[in-house]
file protein.txt (compact mmCIF, C-alpha atoms)
# COMPACT_ATOMS: atom_id res chain seq x y z
CA MET J 1 67.49 228.35 171.36
CA VAL J 2 68.23 227.08 167.86
CA THR J 3 67.36 223.43 167.23
CA THR J 4 68.37 221.33 164.26
CA SER J 5 66.28 218.46 162.99
CA ARG J 6 67.88 215.18 162.07
CA PRO J 7 67.99 214.65 158.28
CA ALA J 8 65.41 212.17 157.07
CA GLU J 9 66.60 208.63 156.50
CA PHE J 10 67.28 207.54 152.94
CA ARG J 11 65.75 204.11 152.43
CA ILE J 12 67.04 201.57 149.90
CA LEU J 13 65.52 198.29 148.76
CA SER J 14 67.92 195.83 147.09
CA LEU J 15 66.78 192.61 145.40
CA SER J 16 69.10 189.74 144.51
CA GLY J 17 69.08 187.49 141.45
CA GLY J 18 68.44 183.77 141.21
CA GLY J 19 66.09 182.83 138.36
CA TYR J 20 63.00 180.92 139.47
CA LEU J 21 64.27 181.13 143.05
CA GLY J 22 63.00 184.71 142.79
CA LEU J 23 59.55 183.34 143.58
CA TYR J 24 60.75 183.39 147.20
CA THR J 25 61.58 187.09 146.87
CA ALA J 26 58.31 187.88 145.13
CA VAL J 27 56.19 186.18 147.81
CA VAL J 28 58.09 188.00 150.59
CA LEU J 29 57.61 191.36 148.88
CA ALA J 30 53.94 190.73 148.07
CA ALA J 31 53.25 189.86 151.70
CA LEU J 32 55.03 192.99 152.92
CA GLU J 33 53.16 195.12 150.40
CA GLN J 34 49.90 193.67 151.70
CA ARG J 35 50.92 194.46 155.28
CA ILE J 36 51.74 198.10 154.63
CA ALA J 37 48.62 198.48 152.45
CA GLU J 38 50.21 200.62 149.75
CA PRO J 39 52.67 200.15 146.87
CA LEU J 40 56.04 199.13 148.29
CA GLY J 41 57.94 201.68 146.20
CA ARG J 42 56.43 204.52 148.23
CA ARG J 43 58.42 203.39 151.27
CA PHE J 44 61.83 203.61 149.57
CA ASP J 45 63.97 206.35 148.01
CA LEU J 46 65.90 203.99 145.73
CA VAL J 47 65.22 200.46 144.49
CA ALA J 48 67.90 198.16 143.03
CA GLY J 49 67.49 194.76 141.43
CA THR J 50 69.58 192.26 139.50
CA SER J 51 68.35 189.51 137.19
CA VAL J 52 64.97 188.30 138.54
CA GLY J 53 65.46 190.94 141.23
CA GLY J 54 65.57 193.46 138.40
CA LEU J 55 62.14 192.31 137.21
CA LEU J 56 60.78 192.72 140.73
CA ALA J 57 62.50 196.09 141.17
CA MET J 58 60.94 197.32 137.93
CA ALA J 59 57.50 196.23 139.11
CA ILE J 60 58.04 198.19 142.33
CA ALA J 61 59.28 201.25 140.45
CA PHE J 62 56.12 201.20 138.32
CA GLU J 63 53.83 200.28 141.23
CA LEU J 64 52.71 197.05 139.59
CA PRO J 65 51.30 194.98 142.48
CA LEU J 66 53.78 192.33 143.61
CA SER J 67 50.93 189.83 143.75
CA VAL J 68 50.81 190.09 139.95
CA ILE J 69 54.45 189.02 139.73
CA VAL J 70 53.81 186.10 142.07
CA ASP J 71 50.99 185.03 139.77
CA ILE J 72 53.29 185.20 136.73
CA PHE J 73 55.77 182.90 138.46
CA LYS J 74 53.10 180.38 139.36
CA THR J 75 51.12 180.39 136.11
CA ARG J 76 53.84 180.91 133.50
CA GLY J 77 56.94 179.61 135.26
CA GLU J 78 56.97 176.24 133.53
CA GLU J 79 56.71 177.96 130.14
CA VAL J 80 59.53 180.39 130.89
CA PHE J 81 61.79 177.82 132.57
CA SER J 82 61.15 174.09 132.96
CA GLY J 83 58.59 171.86 134.56
CA ARG J 84 61.23 169.15 134.91
CA ASN J 85 62.80 168.12 138.19
CA LEU J 86 66.56 168.29 138.59
CA PRO J 87 68.24 165.49 136.60
CA SER J 88 69.18 162.63 138.90
CA GLY J 89 71.55 160.33 137.01
CA PRO J 90 74.74 160.81 134.94
CA MET J 91 72.97 160.31 131.63
CA THR J 92 70.05 162.65 132.36
CA ARG J 93 72.53 165.24 133.59
CA LEU J 94 74.46 165.05 130.34
CA ILE J 95 71.23 165.35 128.36
CA ASP J 96 70.22 168.38 130.42
CA LEU J 97 73.63 170.01 129.91
CA SER J 98 73.43 169.34 126.16
CA ARG J 99 70.39 171.61 125.92
CA SER J 100 72.66 174.67 126.26
CA VAL J 101 75.74 173.48 124.37
CA THR J 102 74.96 175.05 120.99
CA GLY J 103 72.63 177.83 122.13
CA PRO J 104 70.59 179.18 125.05
CA LYS J 105 68.54 176.65 126.96
CA TYR J 106 65.41 178.84 126.76
CA SER J 107 64.24 181.35 124.16
CA GLY J 108 62.88 184.00 126.55
CA ARG J 109 59.87 184.50 124.25
CA VAL J 110 57.20 183.74 126.86
CA LEU J 111 58.89 185.93 129.44
CA ARG J 112 59.11 188.85 127.04
CA GLU J 113 55.46 188.46 126.05
CA GLU J 114 54.36 188.42 129.67
CA LEU J 115 56.45 191.45 130.60
CA HIS J 116 55.21 193.38 127.57
CA ARG J 117 51.63 192.61 128.60
CA HIS J 118 52.17 194.50 131.84
CA PHE J 119 54.72 197.17 130.89
CA GLY J 120 54.04 197.74 127.19
CA ASP J 121 56.50 200.14 125.59
CA ALA J 122 57.17 202.12 128.77
CA THR J 123 60.65 203.55 129.22
CA LEU J 124 62.69 204.31 132.33
CA ALA J 125 61.47 207.89 132.15
CA ASP J 126 57.99 206.59 133.00
CA ALA J 127 59.03 204.97 136.30
CA ARG J 128 57.46 206.38 139.47
CA HIS J 129 60.43 205.65 141.71
CA ALA J 130 64.23 205.85 141.45
CA LEU J 131 65.74 202.62 140.18
CA VAL J 132 69.09 201.01 139.30
CA VAL J 133 69.41 197.69 137.42
CA PRO J 134 72.80 196.05 136.77
CA ALA J 135 73.56 194.24 133.51
CA VAL J 136 76.68 193.35 131.52
CA ASP J 137 77.57 194.85 128.15
CA VAL J 138 78.88 191.67 126.51
CA THR J 139 79.78 193.54 123.33
CA ARG J 140 82.53 195.36 125.20
CA SER J 141 82.84 193.08 128.27
CA VAL J 142 82.06 195.90 130.69
CA THR J 143 79.53 196.43 133.44
CA LYS J 144 76.41 198.51 132.92
CA VAL J 145 73.92 199.94 135.41
CA PHE J 146 70.64 201.07 133.86
CA LYS J 147 69.18 204.01 135.79
CA THR J 148 66.07 206.12 135.96
CA PRO J 149 66.81 209.85 135.51
CA HIS J 150 66.44 210.52 139.25
CA VAL J 151 69.37 212.95 139.35
CA LYS J 152 71.20 214.83 136.60
CA SER J 153 74.31 212.65 136.85
CA SER J 154 72.24 209.47 136.42
CA ARG J 155 70.63 210.39 133.11
CA GLY J 156 71.16 208.72 129.77
CA ASP J 157 68.93 205.64 129.94
CA GLU J 158 65.56 207.33 130.24
CA ASP J 159 64.49 206.41 126.68
CA VAL J 160 65.34 202.70 127.01
CA ARG J 161 62.33 200.39 127.08
CA VAL J 162 61.93 198.72 130.46
CA VAL J 163 61.04 195.33 128.94
CA ASP J 164 64.40 195.29 127.16
CA ILE J 165 66.18 196.13 130.42
CA MET J 166 64.36 193.39 132.32
CA MET J 167 65.22 190.85 129.64
CA ALA J 168 68.84 192.01 129.61
CA THR J 169 69.46 191.89 133.36
CA SER J 170 67.99 188.37 133.52
CA ALA J 171 69.72 186.99 130.40
CA ALA J 172 71.85 184.40 132.20
CA PRO J 173 74.48 183.09 129.76
CA ALA J 174 73.58 179.68 128.33
CA TYR J 175 70.06 179.99 129.77
CA PHE J 176 68.64 182.97 127.83
CA PRO J 177 69.89 184.83 124.75
CA SER J 178 71.65 188.14 125.21
CA VAL J 179 69.51 191.21 124.53
CA ARG J 180 70.30 193.91 122.01
CA ILE J 181 69.76 197.47 123.22
CA GLY J 182 70.95 200.08 120.79
CA GLY J 183 74.03 198.69 119.12
CA ARG J 184 75.15 196.49 122.01
CA LEU J 185 74.32 193.12 123.51
CA TYR J 186 73.58 192.79 127.22
CA ALA J 187 73.50 189.83 129.60
CA ASP J 188 72.68 189.04 133.21
CA GLY J 189 73.85 191.58 135.79
CA GLY J 190 74.42 188.67 138.14
CA LEU J 191 77.76 188.14 136.42
CA PHE J 192 79.08 190.88 138.70
CA ALA J 193 76.30 191.96 141.08
CA VAL J 194 73.95 189.14 142.03
CA ALA J 195 73.21 191.14 145.18
CA PRO J 196 73.16 194.80 144.07
CA ASP J 197 73.43 196.26 147.59
CA GLN J 198 76.79 197.92 146.94
CA VAL J 199 75.65 199.18 143.53
CA ALA J 200 72.68 200.84 145.22
CA MET J 201 74.76 202.31 148.05
CA HIS J 202 77.25 203.73 145.57
CA GLU J 203 74.43 205.27 143.53
CA ALA J 204 72.99 206.91 146.64
CA GLN J 205 76.30 208.13 148.02
CA HIS J 206 78.18 209.15 144.87
CA PHE J 207 75.45 210.27 142.48
CA MET J 208 72.62 211.25 144.82
CA LYS J 209 74.98 212.76 147.42
CA VAL J 210 73.44 210.93 150.37
CA ASP J 211 75.47 210.63 153.55
CA PRO J 212 75.81 206.90 154.40
CA ALA J 213 74.88 207.76 157.98
CA ARG J 214 71.38 208.52 156.68
CA MET J 215 70.99 205.25 154.76
CA ARG J 216 68.83 202.35 155.81
CA MET J 217 68.69 199.30 153.54
CA VAL J 218 66.49 196.25 153.14
CA SER J 219 68.12 193.48 151.10
CA VAL J 220 66.13 190.44 149.98
CA GLY J 221 67.80 187.23 148.84
CA THR J 222 66.64 184.20 146.87
CA ALA J 223 66.65 181.46 149.53
CA THR J 224 70.28 180.47 148.94
CA ALA J 225 71.72 181.24 152.38
CA GLY J 226 74.01 178.38 153.34
CA TYR J 227 73.71 176.74 149.94
CA HIS J 228 75.73 173.58 149.45
CA SER J 229 75.59 170.97 146.73
CA GLY J 230 73.84 167.75 147.60
CA GLU J 231 76.93 165.88 146.45
CA THR J 232 80.36 165.55 148.05
CA ALA J 233 82.88 168.08 146.75
CA ASP J 234 85.36 166.56 144.30
CA ALA J 235 88.78 168.11 143.83
CA ASP J 236 88.88 166.81 140.27
CA ALA J 237 85.36 167.83 139.24
CA GLY J 238 85.07 168.79 135.60
CA ALA J 239 82.37 170.51 133.59
CA VAL J 240 79.74 167.88 134.31
CA GLY J 241 80.45 167.94 138.05
CA TRP J 242 80.35 171.71 138.28
CA LEU J 243 77.46 172.31 135.92
CA SER J 244 75.19 169.46 136.99
CA ASP J 245 72.27 170.50 139.20
CA GLY J 246 73.29 174.11 138.60
CA ARG J 247 76.08 173.72 141.15
CA LEU J 248 78.40 176.35 139.63
CA ILE J 249 75.81 179.06 139.22
CA LEU J 250 74.16 178.35 142.59
CA THR J 251 77.56 178.57 144.26
CA LEU J 252 78.22 181.91 142.55
CA ILE J 253 74.81 183.21 143.60
CA ALA J 254 75.20 182.07 147.20
CA VAL J 255 78.75 183.28 147.82
CA GLN J 256 78.18 186.66 146.16
CA GLN J 257 75.13 187.28 148.34
CA GLN J 258 76.97 186.10 151.48
CA HIS J 259 79.98 188.35 150.76
CA VAL J 260 77.90 191.43 150.00
CA GLN J 261 75.82 190.86 153.13
CA ALA J 262 78.98 190.80 155.27
CA ILE J 263 80.23 194.05 153.74
CA MET J 264 76.91 195.84 154.15
CA GLU J 265 76.54 194.71 157.76
CA ASP J 266 79.98 196.22 158.42
CA ARG J 267 79.06 199.47 156.68
CA LEU J 268 75.49 200.02 157.86
CA GLY J 269 75.26 197.95 161.04
CA GLU J 270 71.75 197.92 162.46
CA ARG J 271 70.54 200.04 159.57
CA TYR J 272 70.84 197.00 157.30
CA LEU J 273 68.19 194.29 157.18
CA ARG J 274 68.82 191.12 155.21
CA LEU J 275 65.84 188.89 154.48
CA ASP J 276 66.67 185.42 153.21
CA ALA J 277 65.98 181.75 153.86
CA THR J 278 68.36 178.88 154.48
CA TRP J 279 68.77 176.52 151.55
CA PRO J 280 66.73 173.47 152.50
CA ALA J 281 68.18 169.97 152.63
CA GLN J 282 67.08 167.84 149.67
CA ALA J 283 65.80 171.05 148.14
CA GLY J 284 64.93 170.00 144.60
CA LEU J 285 65.44 173.67 143.73
CA GLY J 286 67.34 175.35 140.91
CA ILE J 287 67.40 178.61 139.02
CA ASP J 288 65.31 177.05 136.24
CA VAL J 289 63.30 174.46 138.16
CA ALA J 290 59.68 175.63 138.08
CA THR J 291 57.92 172.50 139.30
CA ALA J 292 54.90 172.60 141.58
CA ALA J 293 57.03 171.11 144.36
CA ALA J 294 59.70 173.81 143.95
CA SER J 295 57.03 176.50 144.03
CA ARG J 296 55.54 175.14 147.26
CA THR J 297 58.97 174.99 148.89
CA LEU J 298 59.82 178.57 147.92
CA GLU J 299 56.42 179.86 149.05
CA ASP J 300 56.74 178.07 152.39
CA LEU J 301 60.21 179.56 152.93
CA ALA J 302 58.89 183.04 152.09
CA ASP J 303 55.91 182.67 154.43
CA ALA J 304 58.25 181.67 157.26
CA THR J 305 60.48 184.68 156.60
CA VAL J 306 57.59 187.13 156.76
CA ALA J 307 56.10 185.44 159.83
CA GLY J 308 59.41 186.02 161.62
CA LEU J 309 59.30 189.80 161.11
CA ASP J 310 58.01 191.71 164.09
CA ALA J 311 56.21 195.05 164.02
CA SER J 312 59.25 196.99 165.24
CA LEU J 313 61.32 195.87 162.24
CA LEU J 314 58.54 196.83 159.88
CA ARG J 315 58.37 200.29 161.42
CA LYS J 316 62.15 200.77 161.22
CA PHE J 317 62.65 199.61 157.66
CA PHE J 318 59.32 200.06 155.89
call {"tool": "encode", "arguments": {"input": "protein.txt", "output": "structure tokens"}}
result
Amino acid sequence: MVTTSRPAEFRILSLSGGGYLGLYTAVVLAALEQRIAEPLGRRFDLVAGTSVGGLLAMAIAFELPLSVIVDIFKTRGEEVFSGRNLPSGPMTRLIDLSRSVTGPKYSGRVLREELHRHFGDATLADARHALVVPAVDVTRSVTKVFKTPHVKSSRGDEDVRVVDIMMATSAAPAYFPSVRIGGRLYADGGLFAVAPDQVAMHEAQHFMKVDPARMRMVSVGTATAGYHSGETADADAGAVGWLSDGRLILTLIAVQQQHVQAIMEDRLGERYLRLDATWPAQAGLGIDVATAAASRTLEDLADATVAGLDASLLRKFF
């Protein structure tokens, strides 16, 4: 009697963007890496990451321990972002907004130095695992997905330095300067793919020729599930109302992740695992708030997420 074996599952890890909120993601991933007792990238066939998720995805693709990334958040976060709390009054909000009126709020210098310390001049060709990282070509106003040369049809970026790609995918407009790669400027991939789940699935299906029935995906958010502004919605809100407390960008992050999650649950069903935390009341969180209190909150949320994972889920998805 002839028997046929079931094709092996194709496992995808997708990491969302969210600035300093990515500490939540990093702590979740570091804890999972510790549990499985080997580099996380060895458990997946494709890794995708946008913005801060792109930094984490690159670390996984190069097998840099996730605990190192957690340490970068905690020790250099206030230098990369801000040690200030969210502005509380109208005047302090205006002052905070004014920091990005004539140029980016942050230079990105410390972040680039820290990334170069760990990745040097490595290029995508040096990655140990298949990777896709969304960004936006602001020179031409088109999307861009940087890719390792994992299949013939995904070649072309193998000579690009990974530090440049990480800076580009996380270059949120008005927060960090755009990044020049070749003759073009690139900005944050979160402009179109905060949650890169669909980007990763398309890469696997269209370019890597993987049947979706074989796919299993883990998607990790940035603790923005159920996000809502601490203030009452105002039909006549202007720039100050929308931009204060990061309301506009946090809304974009939250709704993009929620929408993509719904689509992927429809497409993959039980073969899709979304790990995220509910936005806490009176959060004091923001994409550039790197205070000690914000760090503790994000770490606590991550610890609770990992504690809620049972052994059967780990076996299925990792």
call {"tool": "atom_distance", "arguments": {"input": "protein.txt", "atom1": "CA of Gly269 (chain J)", "atom2": "CA of Gln256 (chain J)"}}
result
18.9 Å
call {"tool": "closest_residue", "arguments": {"input": "protein.txt", "among": "J:Ile181, J:Ala225, J:Leu13, J:Ala277", "to": "Val255 (chain J)", "atoms": "only C-alpha atoms"}}
result
J:Ala225
call {"tool": "atom_distance", "arguments": {"input": "protein.txt", "atom1": "CA of Ile12 (chain J)", "atom2": "CA of Val47 (chain J)"}}
result
5.8 Å
call {"tool": "atom_distance", "arguments": {"input": "protein.txt", "atom1": "CA of Ala168 (chain J)", "atom2": "CA of Arg109 (chain J)"}}
result
12.9 Å
call {"tool": "axis_aligned_box", "arguments": {"input": "protein.txt", "around": "region 208-225 of chain J", "padding_each_side": "5 Å", "output": "JSON"}}
result
{"center_x": 71.0, "center_y": 196.6, "center_z": 151.4, "size_x": 19.7, "size_y": 42.3, "size_z": 23.2}
call {"tool": "residues_near_point", "arguments": {"input": "protein.txt", "point": "(65.6, 211.9, 131.7)", "cutoff": "6 Å", "atoms": "only C-alpha atoms", "output": "JSON, numbers by chain"}}
result
{"J": [125, 149, 155, 158]}
call {"tool": "write_last_selection", "arguments": {"input": "protein.txt", "atoms": "C-alpha atoms", "output": "compact mmCIF listing (two decimals), in the coordinates of the input"}}
result
# COMPACT_ATOMS: atom_id res chain seq x y z
CA ALA J 125 61.47 207.89 132.15
CA PRO J 149 66.81 209.85 135.51
CA ARG J 155 70.63 210.39 133.11
CA GLU J 158 65.56 207.33 130.24
call {"tool": "residues_around", "arguments": {"input": "protein.txt", "residues": "region 266-268 of chain J", "least_positions_apart": "2", "cutoff": "12 Å", "atoms": "all atoms listed in the file", "output": "list in words"}}
result
Arg11, Ile12, Asp197, Gln198, Met201, Asp211, Pro212, Ala213, Arg214, Met215, Arg216, Met217, Val218, Ser219, His259, Val260, Gln261, Ala262, Ile263, Met264, Glu270, Arg271, Tyr272, Leu273 and Arg274 of chain J
call {"tool": "residues_around", "arguments": {"input": "protein.txt", "residues": "Met58 (chain J)", "least_positions_apart": "4", "cutoff": "9 Å", "atoms": "only C-alpha atoms", "output": "PyMOL selection string"}}
result
chain J and resi 47-49+53-54+62-64+127+131+133+162+166
call {"tool": "residues_around", "arguments": {"input": "protein.txt", "residues": "Arg112 (chain J)", "least_positions_apart": "2", "cutoff": "9 Å", "atoms": "only C-alpha atoms", "output": "list in words"}}
result
Gly108, Arg109, Val110, Glu114, Leu115, His116, Arg117, Val163, Asp164, Met166 and Met167 of chain J
call {"tool": "closest_residue", "arguments": {"input": "protein.txt", "among": "J:Ala223, J:Ile249, J:Val210, J:Ala171", "to": "Ala294 (chain J)", "atoms": "all atoms listed in the file"}}
result
J:Ala223
call {"tool": "residues_around", "arguments": {"input": "protein.txt", "residues": "Arg42 (chain J)", "least_positions_apart": "5", "cutoff": "10 Å", "atoms": "all atoms listed in the file", "output": "list in words"}}
result
Ile60, Ala61, Glu63, Arg128, His129 and Phe318 of chain J
call {"tool": "closest_residue", "arguments": {"input": "protein.txt", "among": "J:Asp71, J:Asp137, J:Glu203, J:Asp188", "to": "Glu299 (chain J)", "atoms": "only C-alpha atoms"}}
result
J:Asp71
call {"tool": "closest_atom_pairs", "arguments": {"input": "protein.txt", "of": "region 168-283 of chain J", "to": "region 15-34 of chain J", "cutoff": "6 Å", "atoms": "only C-alpha atoms", "output": "CSV"}}
result
residue,atom,partner,partner_atom,distance
J:Val194,CA,J:Gly17,CA,5.2
J:Ala195,CA,J:Ser16,CA,4.4
J:Ser219,CA,J:Leu15,CA,5.9
J:Val220,CA,J:Leu15,CA,5.1
J:Gly221,CA,J:Ser16,CA,5.2
J:Thr222,CA,J:Leu21,CA,5.4
call {"tool": "decode", "arguments": {"input": "protein.txt", "residues": "region 202-227 of chain J", "atoms": "N, CA, C and O atoms", "output": "PDB file, in the first residue's frame"}}
result
ATOM      1  N   HIS J 202       1.790  36.753   1.862  1.00  0.00           N
ATOM      2  CA  HIS J 202       1.945  36.912   0.417  1.00  0.00           C
ATOM      3  C   HIS J 202       3.330  36.463  -0.042  1.00  0.00           C
ATOM      4  O   HIS J 202       3.476  35.821  -1.079  1.00  0.00           O
ATOM      5  N   GLU J 203       4.352  36.804   0.736  1.00  0.00           N
ATOM      6  CA  GLU J 203       5.712  36.368   0.405  1.00  0.00           C
ATOM      7  C   GLU J 203       5.789  34.848   0.353  1.00  0.00           C
ATOM      8  O   GLU J 203       6.370  34.269  -0.576  1.00  0.00           O
ATOM      9  N   ALA J 204       5.202  34.198   1.355  1.00  0.00           N
ATOM     10  CA  ALA J 204       5.252  32.737   1.411  1.00  0.00           C
ATOM     11  C   ALA J 204       4.468  32.105   0.266  1.00  0.00           C
ATOM     12  O   ALA J 204       4.947  31.167  -0.384  1.00  0.00           O
ATOM     13  N   GLN J 205       3.276  32.627   0.018  1.00  0.00           N
ATOM     14  CA  GLN J 205       2.415  32.009  -0.991  1.00  0.00           C
ATOM     15  C   GLN J 205       2.870  32.329  -2.414  1.00  0.00           C
ATOM     16  O   GLN J 205       2.973  31.422  -3.252  1.00  0.00           O
ATOM     17  N   HIS J 206       3.131  33.602  -2.695  1.00  0.00           N
ATOM     18  CA  HIS J 206       3.406  34.011  -4.074  1.00  0.00           C
ATOM     19  C   HIS J 206       4.853  33.766  -4.493  1.00  0.00           C
ATOM     20  O   HIS J 206       5.109  33.277  -5.593  1.00  0.00           O
ATOM     21  N   PHE J 207       5.786  34.108  -3.622  1.00  0.00           N
ATOM     22  CA  PHE J 207       7.197  34.009  -3.995  1.00  0.00           C
ATOM     23  C   PHE J 207       7.840  32.692  -3.580  1.00  0.00           C
ATOM     24  O   PHE J 207       8.691  32.168  -4.299  1.00  0.00           O
ATOM     25  N   MET J 208       7.424  32.150  -2.434  1.00  0.00           N
ATOM     26  CA  MET J 208       8.017  30.905  -1.957  1.00  0.00           C
ATOM     27  C   MET J 208       7.169  29.683  -2.308  1.00  0.00           C
ATOM     28  O   MET J 208       7.549  28.554  -2.000  1.00  0.00           O
ATOM     29  N   LYS J 209       6.021  29.939  -2.943  1.00  0.00           N
ATOM     30  CA  LYS J 209       5.151  28.876  -3.479  1.00  0.00           C
ATOM     31  C   LYS J 209       4.674  27.910  -2.392  1.00  0.00           C
ATOM     32  O   LYS J 209       4.647  26.694  -2.587  1.00  0.00           O
ATOM     33  N   VAL J 210       4.294  28.468  -1.252  1.00  0.00           N
ATOM     34  CA  VAL J 210       3.802  27.660  -0.142  1.00  0.00           C
ATOM     35  C   VAL J 210       2.271  27.653  -0.156  1.00  0.00           C
ATOM     36  O   VAL J 210       1.645  28.723  -0.221  1.00  0.00           O
ATOM     37  N   ASP J 211       1.694  26.492  -0.099  1.00  0.00           N
ATOM     38  CA  ASP J 211       0.246  26.363  -0.016  1.00  0.00           C
ATOM     39  C   ASP J 211      -0.227  26.932   1.323  1.00  0.00           C
ATOM     40  O   ASP J 211       0.285  26.544   2.378  1.00  0.00           O
ATOM     41  N   PRO J 212      -1.200  27.860   1.322  1.00  0.00           N
ATOM     42  CA  PRO J 212      -1.683  28.421   2.587  1.00  0.00           C
ATOM     43  C   PRO J 212      -2.162  27.368   3.583  1.00  0.00           C
ATOM     44  O   PRO J 212      -2.123  27.601   4.796  1.00  0.00           O
ATOM     45  N   ALA J 213      -2.584  26.217   3.073  1.00  0.00           N
ATOM     46  CA  ALA J 213      -3.046  25.151   3.972  1.00  0.00           C
ATOM     47  C   ALA J 213      -1.905  24.615   4.836  1.00  0.00           C
ATOM     48  O   ALA J 213      -2.154  23.972   5.857  1.00  0.00           O
ATOM     49  N   ARG J 214      -0.664  24.869   4.423  1.00  0.00           N
ATOM     50  CA  ARG J 214       0.498  24.426   5.195  1.00  0.00           C
ATOM     51  C   ARG J 214       0.964  25.468   6.202  1.00  0.00           C
ATOM     52  O   ARG J 214       1.806  25.180   7.052  1.00  0.00           O
ATOM     53  N   MET J 215       0.447  26.702   6.098  1.00  0.00           N
ATOM     54  CA  MET J 215       0.983  27.804   6.898  1.00  0.00           C
ATOM     55  C   MET J 215       0.443  27.801   8.319  1.00  0.00           C
ATOM     56  O   MET J 215      -0.725  27.511   8.571  1.00  0.00           O
ATOM     57  N   ARG J 216       1.316  28.141   9.228  1.00  0.00           N
ATOM     58  CA  ARG J 216       0.952  28.397  10.620  1.00  0.00           C
ATOM     59  C   ARG J 216       1.689  29.669  11.035  1.00  0.00           C
ATOM     60  O   ARG J 216       2.895  29.782  10.819  1.00  0.00           O
ATOM     61  N   MET J 217       0.965  30.622  11.604  1.00  0.00           N
ATOM     62  CA  MET J 217       1.555  31.928  11.878  1.00  0.00           C
ATOM     63  C   MET J 217       1.379  32.354  13.334  1.00  0.00           C
ATOM     64  O   MET J 217       0.306  32.203  13.910  1.00  0.00           O
ATOM     65  N   VAL J 218       2.468  32.898  13.886  1.00  0.00           N
ATOM     66  CA  VAL J 218       2.425  33.582  15.170  1.00  0.00           C
ATOM     67  C   VAL J 218       2.592  35.072  14.891  1.00  0.00           C
ATOM     68  O   VAL J 218       3.547  35.474  14.224  1.00  0.00           O
ATOM     69  N   SER J 219       1.670  35.874  15.393  1.00  0.00           N
ATOM     70  CA  SER J 219       1.720  37.319  15.208  1.00  0.00           C
ATOM     71  C   SER J 219       1.766  37.976  16.582  1.00  0.00           C
ATOM     72  O   SER J 219       0.934  37.689  17.447  1.00  0.00           O
ATOM     73  N   VAL J 220       2.739  38.867  16.785  1.00  0.00           N
ATOM     74  CA  VAL J 220       2.905  39.502  18.092  1.00  0.00           C
ATOM     75  C   VAL J 220       2.685  41.009  17.954  1.00  0.00           C
ATOM     76  O   VAL J 220       3.312  41.661  17.113  1.00  0.00           O
ATOM     77  N   GLY J 221       1.792  41.541  18.784  1.00  0.00           N
ATOM     78  CA  GLY J 221       1.463  42.953  18.740  1.00  0.00           C
ATOM     79  C   GLY J 221       2.304  43.787  19.680  1.00  0.00           C
ATOM     80  O   GLY J 221       3.324  43.328  20.213  1.00  0.00           O
ATOM     81  N   THR J 222       1.851  45.026  19.914  1.00  0.00           N
ATOM     82  CA  THR J 222       2.605  45.963  20.752  1.00  0.00           C
ATOM     83  C   THR J 222       1.726  46.531  21.868  1.00  0.00           C
ATOM     84  O   THR J 222       1.781  47.717  22.193  1.00  0.00           O
ATOM     85  N   ALA J 223       0.888  45.675  22.437  1.00  0.00           N
ATOM     86  CA  ALA J 223       0.061  46.030  23.600  1.00  0.00           C
ATOM     87  C   ALA J 223      -0.927  47.152  23.310  1.00  0.00           C
ATOM     88  O   ALA J 223      -1.192  47.998  24.172  1.00  0.00           O
ATOM     89  N   THR J 224      -1.467  47.178  22.092  1.00  0.00           N
ATOM     90  CA  THR J 224      -2.435  48.221  21.726  1.00  0.00           C
ATOM     91  C   THR J 224      -3.831  47.663  21.465  1.00  0.00           C
ATOM     92  O   THR J 224      -4.693  48.374  20.934  1.00  0.00           O
ATOM     93  N   ALA J 225      -4.081  46.413  21.817  1.00  0.00           N
ATOM     94  CA  ALA J 225      -5.411  45.845  21.608  1.00  0.00           C
ATOM     95  C   ALA J 225      -6.439  46.642  22.407  1.00  0.00           C
ATOM     96  O   ALA J 225      -6.256  46.881  23.607  1.00  0.00           O
ATOM     97  N   GLY J 226      -7.491  47.077  21.746  1.00  0.00           N
ATOM     98  CA  GLY J 226      -8.520  47.839  22.434  1.00  0.00           C
ATOM     99  C   GLY J 226      -8.113  49.251  22.788  1.00  0.00           C
ATOM    100  O   GLY J 226      -8.736  49.871  23.668  1.00  0.00           O
ATOM    101  N   TYR J 227      -7.088  49.771  22.108  1.00  0.00           N
ATOM    102  CA  TYR J 227      -6.647  51.133  22.424  1.00  0.00           C
ATOM    103  C   TYR J 227      -7.790  52.131  22.286  1.00  0.00           C
ATOM    104  O   TYR J 227      -8.597  52.071  21.358  1.00  0.00           O
TER     105      TYR J 227
END
